[in-house]
Amino acid sequence: MVLRMESPAPPIKVQSWLRGQHLKNFQPGKMYIVEFWATWCGPCVEAMPHLVQLQEQYRDRGLEVIGVAASESAPTADEARTKLEAWLIEKFPKLNYRIAFDYSGEMNKLWMEPSFSVGIPTSFVVDRDGQIAFIGHPTRLDDVLPKVLDGIWRTSDEAKAADTNRIDEEQRIAREIAVIKPIYAKLQPAMKAKDWKAAFSAVEEGLGLMPNRLEFRRLHVHLLLHKMRDIRTGLPALGQLIRDAIDQRSQEWMTIAISELFDPAIDTSHLPRAERFAMGRDLSEHILALNFPQDGYYKFQAYEAVAQYFYESGNKERAIELVELALKSVEDPKPMQNDRKQLYVPRLLQALANYKGEKACYGERCSAPQAKASREPDRKISE
C-alpha cells in the first residue's frame with residue numbers, strides 16, 4: 001500500500017521510548033510530527049533544535065513531536081540503544097519531545113518504504129483525524145504546519161501538487177540508487193585497497209551511466225590528478241569540471257573543483273604551476289562573486305581553498321580576511337551545528353595561524369603555526 005497525503009497514519013511500533021511517555025495510539029483532535037532521524041545524520045541533528053522550537057510554539061494547539069530513531073548503526077539493538085541514550089544525554093539533555101527507538105526495521109517498513117522515502121530526515125505530519133497531511137523534509141514544516149493546523153492544507157492544490165512531486169522525486173532517487181549501487185560495490189573496496197586503476201574503472205563505468213553525477217566527476221578528476229598522477233588526462237578533465245561548475249553557477253561544483261587545486265590537505269606540488277594558478281584565479285573570482293549564504297554548507301570549505309589560493313599568490317592579507325570571515329560565519333547569523341564545527345573550525349584555525357605566523361584562537365581553541373606550513377606564498381605569482 002502506498003503511503004501518501006490522506007492515507008491513514010500507520011501505527012507506532014517501536015522497541016522502546018527513550019524520551020517521553022509511551023504512545024499507544026494517535027489521539028483524535030491532536031496533531032503529530034513523526035520525524036525519522038539518526039545520530040549519524042548531520043541534517044537530522046541540525047533539525048532537532050527546530051523541532052524543539054515547533055513543539056514549544058504549537059504545544060497549546062495540540063501538536064506532539066515524535067522522533068523515531070530507526071536507523072542507528074550498531075551490532076545489536078542493546079548496543080544501539082545504549083549508544084543513542086548516551087548521545088541524547090550529551091547533546092540534548094533537556095529535549096522537550098518524545099524519542100522512540102526501533103532496531104527491528106518495523107517502523108521503516110510501516111512508514112518509510114510505503115511512502116517511497118529513501119533518506120532521512122523525513123517528517124510525517126499526522127492530522128487531527130489520524131490521516132497523513134504531509135511527508136517531506138523538516139525544513140518545509142515552517143510553511144506547511146500553520147496551514148495544516150488551520151485545516152486549509154490538505155484541500156489545497158499546493159498540497160496535492162507537492163505530494164505528487166515528492167513521490168515522483170523519491171522514485172527517481174530510488175531508481176538512481178539502484179543504478180549506482182553496483183558501481184559503489186566495486187568502487188568502495190578498490191578505494192580501500194588503494195587499487196586506483198580498479199577504482200578509476202568503476203568511476204568510468206559510473207560516468208557512462210550517469211555523466212553528470214558530481215561524485216563521479218570529482219573522483220574521476222581526483223584519481224587522475226592525485227592518485228594516478230596522469231596530468232595529461234587529468235587537467236583537461238578538471239578544466240571541463242570547472243567550466244561546467246561556472247556555467248551552472250553551482251556553489252557545490254565550484255567548491256569541489258577548487259578543492260582539487262588548493263585544499264591545504266592535498267599535495268598539489270606535482271601540478272603545473274601556471275595552469276594551477278590560472279584555474280584557481282578563475283574559480284576564486286566566480287566563488288567570491290556568488291556571495292555564498294552566511295551559513296551556507298559549502299562556504300567554509302570553499303573559502304578555505306580560496307584563501308589558500310590568495311596566500312600562495314602572495315596576497316596574505318586577503319587570505320587572512322577570508323579565513324576570518326569564514327570563522328565569523330560559524331556563529332553568525334546562527335550557530336553552526338557542533339559536528340560541523342568540529343570538522344571546519346580546526347582546519348580554518350590552523351590555516352589562520354599559518355598565514356599569520358603566530359598563534360590564532362577561536363573561543364577556547366587555539367592553533368600554533370605549523371613548523372612547515374604547506375606551500376609558502378610565492379611573490380612572483382600575480383593575482
# chains A, B, ... in the order shown; residues from 1 in each chain; ligands from 1
call {"tool": "select_by_dssp", "arguments": {"residues": "stretch 35-217 of chain A", "states": "alpha helix (DSSP H)", "output": "PyMOL selection string"}}
result
chain A and resi 42-58+77-91+106-107+141-149+157-192+196-209+214-217
call {"tool": "residues_around", "arguments": {"residues": "stretch 185-199 of chain A", "least_positions_apart": "3", "cutoff": "8 Å", "atoms": "only C-alpha atoms", "output": "PyMOL selection string"}}
result
chain A and resi 181-182+202-203+223+227-228
call {"tool": "write_last_selection", "arguments": {"atoms": "all heavy atoms", "output": "PDB file, in the first residue's frame"}}
result
ATOM      1  N   LYS A 181      24.308   1.600  -7.061  1.00  0.00           N
ATOM      2  CA  LYS A 181      24.685   0.649  -6.011  1.00  0.00           C
ATOM      3  C   LYS A 181      25.727  -0.361  -6.489  1.00  0.00           C
ATOM      4  O   LYS A 181      26.733  -0.612  -5.792  1.00  0.00           O
ATOM      5  CB  LYS A 181      23.444  -0.063  -5.470  1.00  0.00           C
ATOM      6  CG  LYS A 181      23.699  -0.869  -4.212  1.00  0.00           C
ATOM      7  CD  LYS A 181      22.393  -1.418  -3.648  1.00  0.00           C
ATOM      8  CE  LYS A 181      22.646  -2.221  -2.371  1.00  0.00           C
ATOM      9  NZ  LYS A 181      21.386  -2.756  -1.802  1.00  0.00           N
ATOM     10  N   PRO A 182      25.568  -0.968  -7.681  1.00  0.00           N
ATOM     11  CA  PRO A 182      26.607  -1.899  -8.160  1.00  0.00           C
ATOM     12  C   PRO A 182      27.947  -1.220  -8.422  1.00  0.00           C
ATOM     13  O   PRO A 182      29.002  -1.843  -8.264  1.00  0.00           O
ATOM     14  CB  PRO A 182      26.007  -2.456  -9.466  1.00  0.00           C
ATOM     15  CG  PRO A 182      24.541  -2.206  -9.373  1.00  0.00           C
ATOM     16  CD  PRO A 182      24.406  -0.942  -8.594  1.00  0.00           C
ATOM     17  N   ALA A 202      35.810   1.709 -12.126  1.00  0.00           N
ATOM     18  CA  ALA A 202      34.448   1.775 -11.586  1.00  0.00           C
ATOM     19  C   ALA A 202      33.853   3.164 -11.790  1.00  0.00           C
ATOM     20  O   ALA A 202      32.672   3.301 -12.137  1.00  0.00           O
ATOM     21  CB  ALA A 202      34.455   1.416 -10.100  1.00  0.00           C
ATOM     22  N   VAL A 203      34.675   4.198 -11.594  1.00  0.00           N
ATOM     23  CA  VAL A 203      34.190   5.567 -11.785  1.00  0.00           C
ATOM     24  C   VAL A 203      33.820   5.802 -13.247  1.00  0.00           C
ATOM     25  O   VAL A 203      32.786   6.425 -13.542  1.00  0.00           O
ATOM     26  CB  VAL A 203      35.249   6.581 -11.318  1.00  0.00           C
ATOM     27  CG1 VAL A 203      34.893   7.992 -11.779  1.00  0.00           C
ATOM     28  CG2 VAL A 203      35.386   6.546  -9.807  1.00  0.00           C
ATOM     29  N   LEU A 223      41.254  11.013  -8.874  1.00  0.00           N
ATOM     30  CA  LEU A 223      42.071   9.824  -9.127  1.00  0.00           C
ATOM     31  C   LEU A 223      43.122  10.107 -10.195  1.00  0.00           C
ATOM     32  O   LEU A 223      44.290   9.726 -10.043  1.00  0.00           O
ATOM     33  CB  LEU A 223      41.174   8.655  -9.551  1.00  0.00           C
ATOM     34  CG  LEU A 223      40.324   8.032  -8.444  1.00  0.00           C
ATOM     35  CD1 LEU A 223      39.267   7.103  -9.040  1.00  0.00           C
ATOM     36  CD2 LEU A 223      41.191   7.256  -7.458  1.00  0.00           C
ATOM     37  N   LYS A 227      46.091  10.527  -7.522  1.00  0.00           N
ATOM     38  CA  LYS A 227      46.411   9.132  -7.226  1.00  0.00           C
ATOM     39  C   LYS A 227      47.225   8.491  -8.342  1.00  0.00           C
ATOM     40  O   LYS A 227      48.276   7.899  -8.118  1.00  0.00           O
ATOM     41  CB  LYS A 227      45.126   8.329  -6.981  1.00  0.00           C
ATOM     42  CG  LYS A 227      44.272   8.846  -5.822  1.00  0.00           C
ATOM     43  CD  LYS A 227      45.056   8.878  -4.517  1.00  0.00           C
ATOM     44  CE  LYS A 227      44.184   9.351  -3.351  1.00  0.00           C
ATOM     45  NZ  LYS A 227      44.958   9.469  -2.101  1.00  0.00           N
ATOM     46  N   MET A 228      46.725   8.640  -9.581  1.00  0.00           N
ATOM     47  CA  MET A 228      47.436   8.072 -10.726  1.00  0.00           C
ATOM     48  C   MET A 228      48.446   9.068 -11.314  1.00  0.00           C
ATOM     49  O   MET A 228      49.320   8.687 -12.082  1.00  0.00           O
ATOM     50  CB  MET A 228      46.410   7.649 -11.776  1.00  0.00           C
ATOM     51  CG  MET A 228      45.401   6.631 -11.232  1.00  0.00           C
ATOM     52  SD  MET A 228      43.926   6.442 -12.271  1.00  0.00           S
ATOM     53  CE  MET A 228      44.633   5.603 -13.679  1.00  0.00           C
TER      54      MET A 228
END
call {"tool": "closest_atom_pairs", "arguments": {"of": "stretch 99-158 of chain A", "to": "stretch 62-65 of chain A", "cutoff": "10 Å", "atoms": "only C-alpha atoms", "output": "JSON lines"}}
result
{"residue": "A:Ile99", "atom": "CA", "partner": "A:Val65", "partner_atom": "CA", "distance": 8.7}
{"residue": "A:Ser123", "atom": "CA", "partner": "A:Val65", "partner_atom": "CA", "distance": 9.9}
{"residue": "A:Val125", "atom": "CA", "partner": "A:Val65", "partner_atom": "CA", "distance": 9.2}
{"residue": "A:Val126", "atom": "CA", "partner": "A:Leu63", "partner_atom": "CA", "distance": 9.6}
{"residue": "A:Asp127", "atom": "CA", "partner": "A:Leu63", "partner_atom": "CA", "distance": 9.5}
{"residue": "A:Arg128", "atom": "CA", "partner": "A:Gly62", "partner_atom": "CA", "distance": 8.8}
{"residue": "A:Leu145", "atom": "CA", "partner": "A:Leu63", "partner_atom": "CA", "distance": 9.8}
{"residue": "A:Leu149", "atom": "CA", "partner": "A:Leu63", "partner_atom": "CA", "distance": 8.8}
call {"tool": "atom_distance", "arguments": {"atom1": "atom CA of A:Ala326", "atom2": "atom CA of A:Gln370"}}
result
20.3 Å
call {"tool": "closest_atom_pairs", "arguments": {"of": "stretch 184-260 of chain A", "to": "stretch 269-285 of chain A", "cutoff": "10 Å", "atoms": "only C-alpha atoms", "output": "tab-separated table"}}
result
residue	atom	partner	partner_atom	distance
A:Leu225	CA	A:Leu271	CA	7.9
A:His226	CA	A:His270	CA	8.6
A:Arg229	CA	A:His270	CA	8.0
A:Ile231	CA	A:Leu271	CA	7.3
A:Gly234	CA	A:Leu271	CA	10.0
A:Leu235	CA	A:Glu275	CA	8.4
A:Leu238	CA	A:Met279	CA	9.1
A:Gly239	CA	A:Met279	CA	7.7
A:Ile242	CA	A:Leu283	CA	7.4
A:Arg243	CA	A:Leu283	CA	9.4
A:Ala245	CA	A:Leu283	CA	9.0
A:Ile246	CA	A:Leu283	CA	7.8
A:Met254	CA	A:Leu283	CA	6.8
A:Thr255	CA	A:Leu283	CA	8.7
A:Ala257	CA	A:Leu283	CA	8.0
A:Ile258	CA	A:Gly280	CA	6.4
A:Ser259	CA	A:Gly280	CA	9.5
A:Glu260	CA	A:Arg276	CA	9.7
call {"tool": "write_last_selection", "arguments": {"atoms": "N, CA and C atoms", "output": "CSV table (one decimal), in the first residue's frame"}}
result
chain,number,residue,atom,x,y,z
A,225,LEU,N,44.5,13.1,-11.1
A,225,LEU,CA,45.5,14.1,-10.7
A,225,LEU,C,46.3,13.6,-9.5
A,226,HIS,N,45.6,13.1,-8.5
A,226,HIS,CA,46.3,12.9,-7.2
A,226,HIS,C,46.7,11.5,-6.9
A,229,ARG,N,48.3,10.4,-11.0
A,229,ARG,CA,49.1,11.4,-11.4
A,229,ARG,C,49.3,11.5,-13.0
A,231,ILE,N,48.6,13.7,-15.4
A,231,ILE,CA,48.4,15.1,-15.6
A,231,ILE,C,47.8,15.4,-17.0
A,234,GLY,N,44.3,14.3,-16.7
A,234,GLY,CA,43.6,14.9,-15.5
A,234,GLY,C,43.3,16.4,-15.6
A,235,LEU,N,44.2,17.2,-16.2
A,235,LEU,CA,44.0,18.6,-16.3
A,235,LEU,C,42.8,19.0,-17.2
A,238,LEU,N,39.7,18.3,-15.3
A,238,LEU,CA,39.4,19.3,-14.3
A,238,LEU,C,38.9,20.6,-15.0
A,239,GLY,N,39.6,20.9,-16.1
A,239,GLY,CA,39.1,22.1,-16.8
A,239,GLY,C,37.7,22.0,-17.2
A,242,ILE,N,35.5,22.6,-14.2
A,242,ILE,CA,35.5,24.0,-13.8
A,242,ILE,C,34.5,24.7,-14.7
A,243,ARG,N,34.6,24.5,-16.1
A,243,ARG,CA,33.7,25.1,-17.0
A,243,ARG,C,32.2,24.8,-16.7
A,245,ALA,N,31.0,23.9,-13.8
A,245,ALA,CA,30.7,24.5,-12.5
A,245,ALA,C,30.3,26.0,-12.7
A,246,ILE,N,31.1,26.7,-13.5
A,246,ILE,CA,30.9,28.1,-13.7
A,246,ILE,C,29.6,28.3,-14.5
A,254,MET,N,31.7,24.3,-7.8
A,254,MET,CA,32.9,25.2,-7.7
A,254,MET,C,33.7,24.8,-6.5
A,255,THR,N,33.1,24.5,-5.4
A,255,THR,CA,33.8,24.2,-4.2
A,255,THR,C,34.6,22.9,-4.4
A,257,ALA,N,35.7,21.7,-7.3
A,257,ALA,CA,36.8,22.0,-8.2
A,257,ALA,C,38.0,22.7,-7.6
A,258,ILE,N,37.7,23.8,-6.8
A,258,ILE,CA,38.9,24.5,-6.3
A,258,ILE,C,39.5,23.7,-5.2
A,259,SER,N,38.8,22.8,-4.5
A,259,SER,CA,39.5,22.0,-3.5
A,259,SER,C,40.5,21.0,-4.1
A,260,GLU,N,40.3,20.6,-5.4
A,260,GLU,CA,41.2,19.7,-6.1
A,260,GLU,C,42.5,20.5,-6.4
call {"tool": "residues_around", "arguments": {"residues": "A:Gln21", "least_positions_apart": "2", "cutoff": "10 Å", "atoms": "only C-alpha atoms", "output": "list in words"}}
result
Trp17, Leu18, Arg19, Leu23, Lys24, Tyr97, Arg98, Ile99 and Ala100 of chain A
call {"tool": "closest_residue", "arguments": {"among": "A:Glu304, A:Glu312, A:Glu46, A:Glu204", "to": "A:Leu327", "atoms": "only C-alpha atoms"}}
result
A:Glu304
call {"tool": "closest_atom_pairs", "arguments": {"of": "stretch 130-240 of chain A", "to": "stretch 47-59 of chain A", "cutoff": "10 Å", "atoms": "only C-alpha atoms", "output": "Markdown table"}}
result
| residue | atom | partner | partner_atom | distance |
| --- | --- | --- | --- | --- |
| A:His137 | CA | A:Ala47 | CA | 9.5 |
| A:Pro138 | CA | A:Ala47 | CA | 6.9 |
| A:Thr139 | CA | A:Ala47 | CA | 7.7 |
| A:Leu141 | CA | A:Leu54 | CA | 8.8 |
| A:Asp142 | CA | A:Leu54 | CA | 8.4 |
| A:Leu145 | CA | A:Leu54 | CA | 9.2 |
| A:Pro146 | CA | A:Tyr58 | CA | 9.1 |
| A:Leu149 | CA | A:Tyr58 | CA | 9.1 |
call {"tool": "residues_around", "arguments": {"residues": "A:Val2", "least_positions_apart": "4", "cutoff": "9 Å", "atoms": "only C-alpha atoms", "output": "NGL selection string"}}
result
:A and (7 or 113-116)
call {"tool": "select_by_dssp", "arguments": {"residues": "stretch 37-71 of chain A", "states": "strand (DSSP E)", "output": "MDAnalysis selection string"}}
result
chainID A and resid 37 63:69
call {"tool": "write_last_selection", "arguments": {"atoms": "N, CA and C atoms", "output": "CSV table (one decimal), in the first residue's frame"}}
result
chain,number,residue,atom,x,y,z
A,37,TRP,N,14.9,9.9,12.0
A,37,TRP,CA,16.3,10.6,12.1
A,37,TRP,C,17.3,9.6,12.6
A,63,LEU,N,-0.1,20.0,19.3
A,63,LEU,CA,1.0,19.4,18.5
A,63,LEU,C,1.9,18.5,19.4
A,64,GLU,N,2.2,17.3,18.9
A,64,GLU,CA,3.1,16.5,19.6
A,64,GLU,C,4.2,16.0,18.6
A,65,VAL,N,5.5,16.2,18.9
A,65,VAL,CA,6.6,15.8,18.1
A,65,VAL,C,7.1,14.5,18.6
A,66,ILE,N,7.3,13.6,17.7
A,66,ILE,CA,7.9,12.2,18.0
A,66,ILE,C,9.1,12.0,17.1
A,67,GLY,N,10.2,11.9,17.7
A,67,GLY,CA,11.4,11.5,16.9
A,67,GLY,C,11.6,10.0,16.9
A,68,VAL,N,11.7,9.4,15.7
A,68,VAL,CA,11.9,7.9,15.6
A,68,VAL,C,13.3,7.6,15.1
A,69,ALA,N,14.1,7.1,16.0
A,69,ALA,CA,15.4,6.6,15.7
A,69,ALA,C,15.4,5.2,15.2
call {"tool": "atom_distance", "arguments": {"atom1": "atom CA of A:His222", "atom2": "atom CA of A:Val330"}}
result
28.3 Å
